[in-house]
$ cat data-v8.txt   # compact mmCIF, C-alpha atoms and all ligand atoms
# COMPACT_ATOMS: atom_id res chain seq x y z
CA MET A 1 25.59 7.49 9.56
CA GLY A 2 23.61 6.49 12.61
CA HIS A 3 20.40 4.55 12.74
CA PHE A 4 17.22 6.18 11.57
CA LYS A 5 14.99 7.12 14.53
CA TRP A 6 11.67 5.31 14.54
CA PRO A 7 9.06 6.12 17.22
CA GLU A 8 8.63 4.19 20.47
CA GLY A 9 12.28 3.11 20.45
CA LYS A 10 11.61 0.67 17.61
CA THR A 11 14.33 -0.28 15.13
CA ALA A 12 12.25 -0.66 11.95
CA ALA A 13 8.86 0.20 10.45
CA LEU A 14 6.16 -1.88 8.84
CA SER A 15 3.13 -0.98 6.72
CA LEU A 16 0.56 -3.49 5.52
CA THR A 17 -1.22 -2.52 2.31
CA PHE A 18 -4.18 -4.17 0.58
CA ASP A 19 -5.17 -3.48 -3.02
CA ASP A 20 -8.32 -3.27 -5.15
CA ALA A 21 -10.94 -3.38 -2.32
CA ARG A 22 -11.44 -7.14 -2.58
CA ALA A 23 -14.33 -8.46 -0.45
CA SER A 24 -12.06 -10.92 1.38
CA GLN A 25 -10.18 -7.97 2.87
CA LEU A 26 -13.38 -6.95 4.67
CA ASP A 27 -14.59 -10.44 5.50
CA VAL A 28 -11.36 -12.18 6.49
CA GLY A 29 -8.52 -9.65 6.68
CA LEU A 30 -10.12 -6.89 8.72
CA PRO A 31 -11.09 -9.01 11.75
CA ILE A 32 -7.49 -10.25 11.97
CA LEU A 33 -6.06 -6.73 11.72
CA ASP A 34 -8.45 -5.44 14.35
CA ARG A 35 -7.85 -8.34 16.73
CA HIS A 36 -4.13 -7.53 16.69
CA ALA A 37 -4.68 -3.74 16.66
CA VAL A 38 -2.69 -3.44 13.43
CA PRO A 39 -3.50 -0.32 11.39
CA ALA A 40 -3.41 -0.92 7.62
CA THR A 41 -3.72 0.93 4.32
CA PHE A 42 -6.31 0.00 1.70
CA TYR A 43 -5.68 1.14 -1.89
CA VAL A 44 -9.24 0.87 -3.05
CA SER A 45 -10.90 0.58 -6.45
CA PRO A 46 -14.12 2.63 -6.28
CA ALA A 47 -16.12 0.15 -8.40
CA ALA A 48 -15.39 -2.55 -5.83
CA VAL A 49 -16.11 -0.26 -2.86
CA GLU A 50 -19.57 0.72 -4.07
CA PRO A 51 -21.40 -2.58 -3.29
CA ARG A 52 -19.90 -2.67 0.24
CA LEU A 53 -19.98 1.04 1.04
CA GLY A 54 -21.21 0.63 4.62
CA ASP A 55 -18.44 -1.86 5.39
CA TRP A 56 -15.78 0.41 3.90
CA ARG A 57 -17.04 3.29 6.03
CA GLU A 58 -16.48 1.06 9.05
CA VAL A 59 -12.89 0.48 7.90
CA VAL A 60 -12.40 4.26 7.95
CA GLY A 61 -14.04 4.48 11.38
CA LYS A 62 -11.57 1.97 12.78
CA GLY A 63 -8.65 4.23 11.83
CA HIS A 64 -7.30 2.39 8.81
CA GLU A 65 -6.07 4.46 5.88
CA ILE A 66 -7.88 4.64 2.54
CA GLY A 67 -5.52 5.43 -0.33
CA ASN A 68 -5.90 6.30 -4.00
CA HIS A 69 -5.46 3.44 -6.51
CA THR A 70 -6.96 5.36 -9.48
CA MET A 71 -10.53 5.09 -10.73
CA THR A 72 -10.11 2.54 -13.55
CA HIS A 73 -6.81 0.82 -12.69
CA PRO A 74 -4.88 1.34 -15.95
CA CYS A 75 -1.81 -0.87 -16.44
CA SER A 76 0.45 -1.67 -19.38
CA GLU A 77 -1.07 -3.32 -22.44
CA THR A 78 1.49 -6.07 -21.93
CA PHE A 79 -1.08 -7.38 -19.44
CA SER A 80 -3.72 -8.77 -21.81
CA TRP A 81 -6.53 -7.88 -19.35
CA SER A 82 -5.51 -4.20 -19.46
CA ARG A 83 -5.41 -3.83 -23.25
CA GLU A 84 -8.70 -1.88 -23.31
CA ASN A 85 -7.44 0.53 -20.64
CA ALA A 86 -3.71 0.62 -21.29
CA LEU A 87 -1.28 3.15 -19.85
CA GLU A 88 0.32 3.30 -23.32
CA ASN A 89 -2.87 5.05 -24.54
CA TYR A 90 -3.01 7.60 -21.71
CA THR A 91 -1.76 11.19 -21.60
CA LEU A 92 -0.54 12.80 -18.40
CA GLU A 93 -3.83 14.76 -18.26
CA GLY A 94 -5.81 11.55 -18.69
CA ILE A 95 -4.11 9.63 -15.93
CA MET A 96 -4.35 12.59 -13.55
CA ARG A 97 -8.09 12.88 -14.29
CA ASP A 98 -8.48 9.19 -13.41
CA ILE A 99 -6.60 9.77 -10.16
CA GLU A 100 -8.60 12.91 -9.26
CA GLU A 101 -11.87 11.04 -9.90
CA ALA A 102 -10.83 8.35 -7.46
CA SER A 103 -9.98 10.98 -4.83
CA ASP A 104 -13.36 12.66 -5.42
CA TYR A 105 -15.10 9.33 -4.92
CA ILE A 106 -13.23 8.53 -1.71
CA ARG A 107 -13.83 12.05 -0.36
CA SER A 108 -17.55 12.07 -1.10
CA LYS A 109 -18.44 8.43 -0.31
CA LEU A 110 -16.01 7.58 2.48
CA GLY A 111 -15.49 11.05 3.92
CA VAL A 112 -11.70 11.03 3.94
CA GLU A 113 -9.05 12.70 1.84
CA PRO A 114 -6.62 10.16 0.36
CA VAL A 115 -3.09 11.46 0.87
CA THR A 116 -1.14 8.47 -0.42
CA CYS A 117 -1.47 6.55 -3.65
CA ALA A 118 -0.49 3.17 -5.11
CA TYR A 119 0.35 3.01 -8.82
CA PRO A 120 -1.73 0.22 -10.42
CA CYS A 121 0.61 -2.69 -11.22
CA GLY A 122 3.40 -0.53 -9.75
CA GLN A 123 3.70 1.19 -13.17
CA LYS A 124 4.40 4.93 -13.30
CA PHE A 125 4.31 5.81 -17.02
CA VAL A 126 1.92 6.86 -19.78
CA GLY A 127 2.42 6.67 -23.56
CA ARG A 128 4.76 4.51 -25.59
CA GLY A 129 8.14 4.81 -27.23
CA ALA A 130 9.37 8.39 -27.70
CA GLU A 131 6.12 9.68 -26.17
CA ARG A 132 6.51 7.76 -22.93
CA LYS A 133 6.41 9.98 -19.84
CA SER A 134 6.52 9.36 -16.13
CA TYR A 135 3.51 10.45 -14.14
CA MET A 136 5.44 10.15 -10.91
CA PRO A 137 6.22 13.92 -10.72
CA LEU A 138 2.48 14.74 -10.84
CA VAL A 139 1.69 12.12 -8.19
CA SER A 140 4.52 13.50 -6.10
CA GLU A 141 2.97 17.01 -6.23
CA ARG A 142 -0.43 15.76 -5.09
CA PHE A 143 0.34 13.05 -2.53
CA VAL A 144 2.44 12.74 0.61
CA ALA A 145 3.78 9.42 -0.68
CA ALA A 146 3.15 6.71 -3.26
CA ARG A 147 3.70 2.97 -3.34
CA SER A 148 5.48 1.79 -6.44
CA ALA A 149 7.21 -1.29 -7.77
CA PHE A 150 7.10 -4.74 -6.24
CA GLU A 151 10.56 -5.53 -4.97
CA MET A 152 12.17 -8.04 -2.69
CA THR A 153 13.60 -5.52 -0.25
CA ALA A 154 12.49 -2.93 2.28
CA ASN A 155 13.09 0.83 1.93
CA ASP A 156 16.06 2.73 3.31
CA PRO A 157 14.38 5.60 5.22
CA PHE A 158 17.33 7.93 4.57
CA GLY A 159 17.24 7.57 0.80
CA VAL A 160 13.78 6.45 -0.25
CA ASP A 161 11.95 8.65 -2.75
CA LEU A 162 8.53 8.98 -1.12
CA ALA A 163 6.89 9.00 -4.56
CA ASP A 164 8.53 5.66 -5.35
CA VAL A 165 8.25 3.45 -2.26
CA ALA A 166 8.86 -0.24 -2.90
CA ALA A 167 6.56 -2.99 -1.66
CA VAL A 168 7.06 -6.71 -1.17
CA SER A 169 4.17 -8.82 -2.46
CA VAL A 170 2.98 -11.36 0.09
CA ASP A 171 0.20 -12.82 -2.06
CA SER A 172 0.21 -16.55 -1.23
CA ALA A 173 3.30 -16.16 0.99
CA PRO A 174 3.85 -18.54 3.89
CA VAL A 175 4.41 -16.91 7.28
CA GLU A 176 8.07 -18.01 7.19
CA ASP A 177 8.66 -15.85 4.10
CA MET A 178 6.99 -12.86 5.71
CA LEU A 179 9.06 -13.26 8.85
CA ARG A 180 12.26 -13.62 6.84
CA HIS A 181 11.56 -10.27 5.14
CA ALA A 182 10.70 -8.76 8.51
CA GLU A 183 13.91 -9.97 10.17
CA LYS A 184 16.03 -8.56 7.37
CA ALA A 185 14.25 -5.18 7.50
CA ALA A 186 14.61 -5.09 11.29
CA ALA A 187 18.34 -5.80 11.09
CA GLU A 188 18.76 -2.96 8.58
CA GLY A 189 16.48 -0.45 10.31
CA ARG A 190 14.30 -0.17 7.20
CA TRP A 191 10.67 0.50 6.27
CA LEU A 192 9.08 -2.71 5.09
CA VAL A 193 5.88 -2.44 3.04
CA PHE A 194 3.83 -5.55 2.36
CA LEU A 195 1.23 -5.72 -0.38
CA CYS A 196 -1.51 -8.28 -0.82
CA HIS A 197 -4.82 -8.76 -2.60
CA GLU A 198 -6.96 -11.48 -1.04
CA VAL A 199 -6.97 -12.72 2.53
CA GLY A 200 -8.78 -16.04 2.53
CA LYS A 201 -9.46 -19.30 4.27
CA GLU A 202 -8.33 -21.22 1.17
CA PRO A 203 -4.97 -20.78 -0.61
CA GLY A 204 -4.88 -19.14 -4.05
CA PRO A 205 -2.42 -17.33 -6.34
CA GLN A 206 -3.36 -13.91 -4.90
CA THR A 207 -4.42 -15.11 -1.47
CA LEU A 208 -2.61 -14.70 1.78
CA THR A 209 -4.25 -17.36 3.93
CA ALA A 210 -5.93 -16.28 7.15
CA SER A 211 -3.87 -18.65 9.29
CA GLU A 212 -0.53 -17.40 7.90
CA PHE A 213 -1.61 -13.79 8.25
CA ASP A 214 -2.82 -14.30 11.81
CA ALA A 215 0.48 -15.99 12.74
CA PHE A 216 2.41 -13.09 11.23
CA CYS A 217 0.37 -10.49 13.14
CA THR A 218 0.97 -12.40 16.38
CA GLU A 219 4.74 -12.27 15.77
CA ILE A 220 4.93 -8.58 14.94
CA ARG A 221 2.78 -7.68 17.93
CA ALA A 222 4.74 -9.88 20.36
CA PRO A 223 6.53 -8.13 23.25
CA GLY A 224 9.95 -6.95 22.09
CA SER A 225 8.94 -6.79 18.43
CA PRO A 226 11.34 -4.41 16.63
CA PHE A 227 8.55 -2.97 14.47
CA TRP A 228 6.76 0.31 14.62
CA ILE A 229 3.59 -0.51 12.71
CA ASP A 230 1.58 2.25 11.11
CA THR A 231 -0.28 3.12 7.94
CA PHE A 232 1.65 4.02 4.81
CA GLU A 233 0.73 7.67 5.46
CA GLY A 234 1.82 7.53 9.09
CA ILE A 235 5.27 6.19 8.28
CA ALA A 236 5.78 8.51 5.28
CA ARG A 237 4.93 11.51 7.46
CA HIS A 238 7.34 10.36 10.14
CA ILE A 239 10.14 10.14 7.56
CA LEU A 240 9.29 13.67 6.35
CA ARG A 241 9.41 15.04 9.90
CA GLN A 242 12.77 13.36 10.53
CA ARG A 243 14.16 14.84 7.30
CA LYS A 244 13.07 18.31 8.38
CA GLY A 245 14.78 17.69 11.72
CA GLU A 246 11.57 18.05 13.72
ZN ZN A 301 -4.41 -2.98 -8.05
$ encode --input "data-v8.txt" --output "structure tokens"
Amino acid sequence: MGHFKWPEGKTAALSLTFDDARASQLDVGLPILDRHAVPATFYVSPAAVEPRLGDWREVVGKGHEIGNHTMTHPCSETFSWSRENALENYTLEGIMRDIEEASDYIRSKLGVEPVTCAYPCGQKFVGRGAERKSYMPLVSERFVAARSAFEMTANDPFGVDLADVAAVSVDSAPVEDMLRHAEKAAAEGRWLVFLCHEVGKEPGPQTLTASEFDAFCTEIRAPGSPFWIDTFEGIARHILRQRKGE
């Protein structure tokens, strides 16, 4: 099997994704992305978008992708903070209603149709025990692609299930860690997806610091960089076209 063909003669692909519409993404992350001309994907929580609506519209205007991250962010009740809104208490209809509501919000307030989705907490099930069901098939019917579990590796473009794309969390990661992941993905010709929450001046458990992020963007935009960088949607669509032999 030969190497997968990425655009522009590149040997690997990279998507940067940001979750939950945290304010630091607008205030600290966005200027860095724009300075390096790096398109990104934002899996937004509508409740957090609302107070900064004008700023989020600007994000859309700059060509970044807005993706679906559900309306109310249900995760497993094993996370104590999600006990009141636990996936174990959802039905398939319920979770799909939550997802449709988020798409309605994004369509009406931000003027774009979300075509990719990120499962909250990377979890793809509803119900418990014998009643547990995967909602991945329903997401797969409605979206071009979906970001799933947090892993330590990049995706093989030949085999990846586009409804189950793995991401590497870079919350609080030093630039050396990010570059190590990038080098490995480049050597294997893979699609690397990074996920983070806050981009800040000060370190924190969910914070990628501005200086580390800026250093990483400089590296991946350097002449000779092996990476084709695009939104999650852009790379998923490229994989689909390659599979169809277009
Ligand atoms: Zn989230």
$ closest_residue --input "data-v8.txt" --among "A:Leu179, A:Val144, A:Val139, A:Met96" --to "A:Leu240" --atoms "only C-alpha atoms"
A:Val144
$ residues_around --input "data-v8.txt" --residues "stretch 115-121 of chain A" --least-positions-apart "3" --cutoff "7 Å" --atoms "all atoms listed in the file" --output "list in words"
Tyr43, Gly67, Asn68, His69, His73, Pro74, Cys75, Lys124, Phe143, Val144, Ala145, Ala146, Arg147, Ser148 and Glu233 of chain A
$ atom_distance --input "data-v8.txt" --atom1 "atom CA of A:Glu50" --atom2 "atom CA of A:Ser108"
11.9 Å
$ axis_aligned_box --input "data-v8.txt" --around "stretch 19-38 of chain A" --padding-each-side "4 Å" --output "lines of an AutoDock Vina configuration file"
center_x = -8.6
center_y = -7.7
center_z = 5.8
size_x = 19.9
size_y = 16.9
size_z = 29.9
$ atom_distance --input "data-v8.txt" --atom1 "atom CA of A:Glu219" --atom2 "atom CA of A:Val165"
24.2 Å
$ atom_distance --input "data-v8.txt" --atom1 "atom CA of A:Ser211" --atom2 "atom CA of A:Asn155"
26.9 Å
$ closest_residue --input "data-v8.txt" --among "A:Pro137, A:Pro226, A:Pro157, A:Gly9" --to "A:Ala186" --atoms "only C-alpha atoms"
A:Pro226
$ closest_residue --input "data-v8.txt" --among "A:Arg180, A:Arg221, A:Lys10, A:Lys133" --to "A:Glu93" --atoms "only C-alpha atoms"
A:Lys133
$ closest_residue --input "data-v8.txt" --among "A:Pro203, A:Val44, A:Phe194, A:Asp230" --to "A:Phe216" --atoms "all atoms listed in the file"
A:Phe194
$ closest_residue --input "data-v8.txt" --among "A:Arg107, A:Arg132, A:Lys184, A:His197" --to "ligand ZN 301 (chain A)" --atoms "all atoms listed in the file"
A:His197
$ residues_around --input "data-v8.txt" --residues "stretch 60-66 of chain A" --least-positions-apart "6" --cutoff "10 Å" --atoms "only C-alpha atoms" --output "VMD selection string"
chain A and resid 17 to 18 21 30 33 to 34 37 to 44 103 106 to 107 110 to 117 230 to 234
$ closest_residue --input "data-v8.txt" --among "A:His3, A:Arg237, A:Arg22, A:Arg57" --to "A:Cys196" --atoms "only C-alpha atoms"
A:Arg22
$ residues_around --input "data-v8.txt" --residues "A:Ile95" --least-positions-apart "5" --cutoff "9 Å" --atoms "only C-alpha atoms" --output "compact mmCIF listing (two decimals) with C-alpha atoms, keeping the file's coordinate frame"
# COMPACT_ATOMS: atom_id res chain seq x y z
CA THR A 70 -6.96 5.36 -9.48
CA PRO A 74 -4.88 1.34 -15.95
CA LEU A 87 -1.28 3.15 -19.85
CA TYR A 90 -3.01 7.60 -21.71
CA GLU A 100 -8.60 12.91 -9.26
CA VAL A 126 1.92 6.86 -19.78
CA TYR A 135 3.51 10.45 -14.14
